[in-house]
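Let me begin by presenting the structure, written as structure tokens, before commenting on it.
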Number of protein chains: 2
Amino acid sequence: MKTAAKPTRERIVEAASKLFYSEGIRGVSVDAVAEKAGLTKRTLYYHFTSKDDLIAAYLDGRDQPNLALFQRWFDEAEGGLDDKVTAIFRNLGKSARHPKWKGCGFLRTAAELVDMPGHPAIKTGIAHKKRVEAWLRQEFAEAGATGAEALARQIVLLLDGGFAVVLLNRDASYIETAGEAAATLVRAALPVR
Amino acid sequence: MKTAAKPTRERIVEAASKLFYSEGIRGVSVDAVAEKAGLTKRTLYYHFTSKDDLIAAYLDGRDQPNLALFQRWFDEAEGGLDDKVTAIFRNLGKSARHPKWKGCGFLRTAAELVDMPGHPAIKTGIAHKKRVEAWLRQEFAEAGATGAEALARQIVLLLDGGFAVVLLNRDASYIETAGEAAATLVRAALPVR
DNA sequence: TCGATTACATTCACTAGTCGGTATACTTCC
DNA sequence: GGAAGTATACCGACTAGTGAATGTAATCGA
């Protein structure tokens with residue numbers, strides 16, 4: 001039984017996560033991550049074989065929590081399917097107003113590593129988005145929406161459009177506009193009541 | 001009398017444009033740009049005060065042509081407003097299938113320069129997206145669509161969502177899905193025929 | 001004893017930006 | 001018309017610093 005204040009590896013990923021997310025991957029040195037984690041670079045390299053390895057670990061660690069957050073927002077919302085989808089955007093918009101918000105780490109990583117399409121971190125990003133989409137598809141199918149696959153893709157597109165646009169112009173209200181578009185599309189796919 | 005093969009400054013911006021777009025800003029050194037332009041770094045620094053200056057010039061040079069391309073696709077399309085909007089996405093999808101395609105330079109720059117929100121290049125990016133949105137808004141208003149402002153924003157969101165998603169997963173068909181969503185939204189905003 | 005960790009030096013490639021100087025052409029003044 | 005000055009455009013070599021990654025020897029704790 002390990003009381004484990006917190007495993008070193010985990011602490012490193014945590015430090016990397018904060019720094020990479022807030023300053024970008026290329027903008028953060030391995031030294032900086034080691035310092036933030038409170039240990040030596042040498043120790044960091046004991047746990048990770050390279051910076052790329054660390055980058056991959058950073059995104060691996062964000063996959064599950066990010067999806068869970070979306071699911072919580074959806075599940076906790078009252079009302080119909082359109083309201084539940086709108087709730088995701090509403091909550092995302094609220095997050096985007098915090099000064100520390102810097103868009104979607106997965107999308108930003110794809111932008112930064114644009115010349116290494118096979119990078120493990122990119123694959124993690126693709127898998128994450130696929131999981132979000134698959135979850136939405138299932139929710140839509142269960143609710144009896146027509147064209148659940150296409151609808152799920154469209155919602156993902158609006159979500160990521162919101163991430164991208166607001167990262168650029170810093171006007172979080174665009175995310176709410178995306179939410180309205182999403183609601184319109186959901187309602188159009190719902191059986192007439 | 002100067003036949004002017006092509007002004008040096010222009011050649012530099014052209015070289016920077018190609019390199020920055022295909023490999024990312026942080027991934028390209030000033031030396032690399034100079035070499036691509038066929039001159040010395042010293043000369044490059046004669047025409048530009050800094051790399052940041054060069055980055056700004058790169059995006060300045062993309063603003064007008066990018067918008068013009070969208071407008072051409074829209075204008076040349078046959079059919080109603082929904083068909084014309086769909087045409088933008090269809091053409092964009094076609095572009096995205098070329099191996100050199102790397103998403104939207106403006107959005108990617110925002111992702112790379114996430115820790116310098118006031119950077120001139122970011123401002124250029126914001127202005128560019130505003131211009132696209134304003135153009136769409138006017139087209140929609142002229143066509144008598146209700147809520148032209150919101151609709152224009154929603155189309156921009158789908159456009160940028162397509163850029164972001166396809167940059168990550170490299171599946172250009174998402175852009176066509178975005179086009180279908182856009183068409184649905186446009187039709188919903190059009191007066192009943 | 002052994003896995004984890006540290007201090008610290010080191011390698012090597014690369015990066016933004018600068019120094020000092022040259023070649024050419026246009027202007028100005030006598 | 002010619003000398004002197006001035007602006008433009010250019011370059012080779014350099015500085016000073018940062019990057020990822022490694023080497024090594026010593027230490028800590030179970």
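Note on naming: chains are A, B, ... as they come in the structure tokens, residues start from 1 per chain, ligands start from 1 in the order shown.
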Select residues of chain D: the criterion is any atom within 9 Å of an atom of chain A, counting only C-alpha atoms (C1' of nucleotides); output as an NGL selection string. :D and (19-21)
Given a cut-off of 7 Å, which residues of chain B touch chain A, counting only C-alpha atoms, written out as a VMD selection string? chain B and resid 23 to 24 107 to 108 110 to 112 114 to 115 122 126 150 154 157 to 158 160 to 162 164 to 165 167 to 169 177 to 178 181
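Using only C-alpha atoms (C1' of nucleotides), the contacts of Gly80 in chain A at a cut-off of 12 Å, with sequence neighbours closer than 4 positions omitted, comprise Phe74, Asp75, Glu76, Lys84, Val85, Thr86, Ala87, Glu139, Phe140, Ala143, Gly144, Ala145, Ala183, Val186, Arg187, Leu190 and Arg193 of chain A.
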Okay, now the selection with N, CA and C atoms, as a compact mmCIF listing (two decimals), in the first residue's frame?
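Saved to out.txt:
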# COMPACT_ATOMS: atom_id res chain seq x y z
N PHE A 74 -23.27 17.89 -20.17
CA PHE A 74 -24.42 17.37 -20.91
C PHE A 74 -25.42 16.70 -19.96
N ASP A 75 -24.89 15.84 -19.11
CA ASP A 75 -25.76 15.07 -18.22
C ASP A 75 -26.50 15.94 -17.21
N GLU A 76 -25.80 16.95 -16.73
CA GLU A 76 -26.40 17.77 -15.67
C GLU A 76 -27.41 18.79 -16.19
N LYS A 84 -29.43 20.17 -23.83
CA LYS A 84 -28.24 19.51 -23.28
C LYS A 84 -27.01 19.84 -24.12
N VAL A 85 -27.20 19.90 -25.43
CA VAL A 85 -26.09 20.26 -26.30
C VAL A 85 -25.71 21.72 -26.09
N THR A 86 -26.73 22.56 -26.00
CA THR A 86 -26.47 23.98 -25.74
C THR A 86 -25.67 24.17 -24.46
N ALA A 87 -25.97 23.33 -23.47
CA ALA A 87 -25.30 23.45 -22.17
C ALA A 87 -23.79 23.25 -22.31
N GLU A 139 -25.39 9.37 -28.00
CA GLU A 139 -26.44 10.14 -27.33
C GLU A 139 -27.53 10.52 -28.34
N PHE A 140 -27.11 10.93 -29.52
CA PHE A 140 -28.07 11.36 -30.53
C PHE A 140 -28.90 10.18 -31.01
N ALA A 143 -31.45 9.21 -28.55
CA ALA A 143 -32.56 10.18 -28.48
C ALA A 143 -33.43 10.11 -29.73
N GLY A 144 -33.05 9.26 -30.66
CA GLY A 144 -33.87 9.09 -31.85
C GLY A 144 -33.69 10.15 -32.91
N ALA A 145 -32.55 10.83 -32.89
CA ALA A 145 -32.28 11.83 -33.92
C ALA A 145 -31.95 11.14 -35.23
N ALA A 183 -27.79 23.95 -31.59
CA ALA A 183 -29.18 23.69 -31.19
C ALA A 183 -30.09 23.63 -32.40
N VAL A 186 -29.56 20.32 -34.08
CA VAL A 186 -30.13 19.22 -33.30
C VAL A 186 -31.64 19.17 -33.48
N ARG A 187 -32.26 20.34 -33.36
CA ARG A 187 -33.71 20.38 -33.50
C ARG A 187 -34.15 19.92 -34.89
N LEU A 190 -34.33 16.21 -34.99
CA LEU A 190 -35.21 15.54 -34.03
C LEU A 190 -36.56 15.25 -34.66
N ARG A 193 -42.37 16.83 -32.80
CA ARG A 193 -43.13 16.47 -31.60
C ARG A 193 -44.61 16.72 -31.81
For chain B, work out the contacting residues on chain C at 9 Å, counting only C-alpha atoms (C1' of nucleotides), and write them as a PyMOL selection string. chain C and resi 14-18
Serialized selection, N, CA and C atoms (P, O5', C5', C4', C3', O3' and C1' of nucleotides), as an mmCIF file, in the first residue's frame:
data_model
loop_
_atom_site.group_PDB
_atom_site.id
_atom_site.type_symbol
_atom_site.label_atom_id
_atom_site.label_comp_id
_atom_site.auth_asym_id
_atom_site.auth_seq_id
_atom_site.Cartn_x
_atom_site.Cartn_y
_atom_site.Cartn_z
ATOM 1 P P DC C 14 21.431 22.021 -37.115
ATOM 2 O "O5'" DC C 14 20.382 23.076 -36.593
ATOM 3 C "C5'" DC C 14 19.736 22.882 -35.324
ATOM 4 C "C4'" DC C 14 19.472 24.214 -34.669
ATOM 5 C "C3'" DC C 14 19.263 25.374 -35.643
ATOM 6 O "O3'" DC C 14 18.026 25.970 -35.342
ATOM 7 C "C1'" DC C 14 20.691 25.999 -33.893
ATOM 8 P P DT C 15 17.276 26.891 -36.366
ATOM 9 O "O5'" DT C 15 16.672 28.025 -35.429
ATOM 10 C "C5'" DT C 15 16.854 28.003 -34.005
ATOM 11 C "C4'" DT C 15 16.883 29.426 -33.509
ATOM 12 C "C3'" DT C 15 16.718 30.446 -34.616
ATOM 13 O "O3'" DT C 15 15.631 31.307 -34.336
ATOM 14 C "C1'" DT C 15 18.670 30.934 -33.308
ATOM 15 P P DA C 16 15.168 32.315 -35.472
ATOM 16 O "O5'" DA C 16 15.374 33.720 -34.760
ATOM 17 C "C5'" DA C 16 14.862 33.908 -33.453
ATOM 18 C "C4'" DA C 16 15.489 35.139 -32.854
ATOM 19 C "C3'" DA C 16 15.339 36.398 -33.696
ATOM 20 O "O3'" DA C 16 15.014 37.472 -32.820
ATOM 21 C "C1'" DA C 16 17.655 35.941 -33.346
ATOM 22 P P DG C 17 14.689 38.899 -33.403
ATOM 23 O "O5'" DG C 17 16.122 39.560 -33.500
ATOM 24 C "C5'" DG C 17 16.879 39.706 -32.296
ATOM 25 C "C4'" DG C 17 18.281 40.137 -32.626
ATOM 26 C "C3'" DG C 17 18.406 41.344 -33.570
ATOM 27 O "O3'" DG C 17 19.087 42.379 -32.880
ATOM 28 C "C1'" DG C 17 19.964 39.646 -34.112
ATOM 29 P P DT C 18 19.502 43.711 -33.597
ATOM 30 O "O5'" DT C 18 21.075 43.521 -33.798
ATOM 31 C "C5'" DT C 18 21.842 43.063 -32.692
ATOM 32 C "C4'" DT C 18 23.326 43.220 -33.006
ATOM 33 C "C3'" DT C 18 23.709 44.531 -33.692
ATOM 34 O "O3'" DT C 18 24.930 44.992 -33.121
ATOM 35 C "C1'" DT C 18 24.417 42.715 -35.021
#
So how far away is CA of Arg62 in chain A from CA of Ala134 in chain A, in Å? 17.3 Å
Exercise: DA23 in chain C partners within 12 Å, only C-alpha atoms (C1' of nucleotides), chain neighbours under 6 positions left out, as a ChimeraX atom specification: /D:8-11
Give me a file of those residues, with C-alpha atoms (C1' of nucleotides), as a compact mmCIF listing (two decimals), in the first residue's frame.
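Just written: selection10.txt:
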# COMPACT_ATOMS: atom_id res chain seq x y z
C1' DT D 8 19.88 52.18 -51.07
C1' DA D 9 20.81 47.51 -51.18
C1' DC D 10 23.57 44.06 -50.10
C1' DC D 11 26.88 40.47 -47.73
Determine, counting only C-alpha atoms (C1' of nucleotides), which protein, DNA and RNA residues have an atom within 10 Å of an atom of DT6 in chain C; residues of the same chain fewer than 6 positions away are not included. Present the result as a ChimeraX atom specification. /A:39-43 /D:26-28
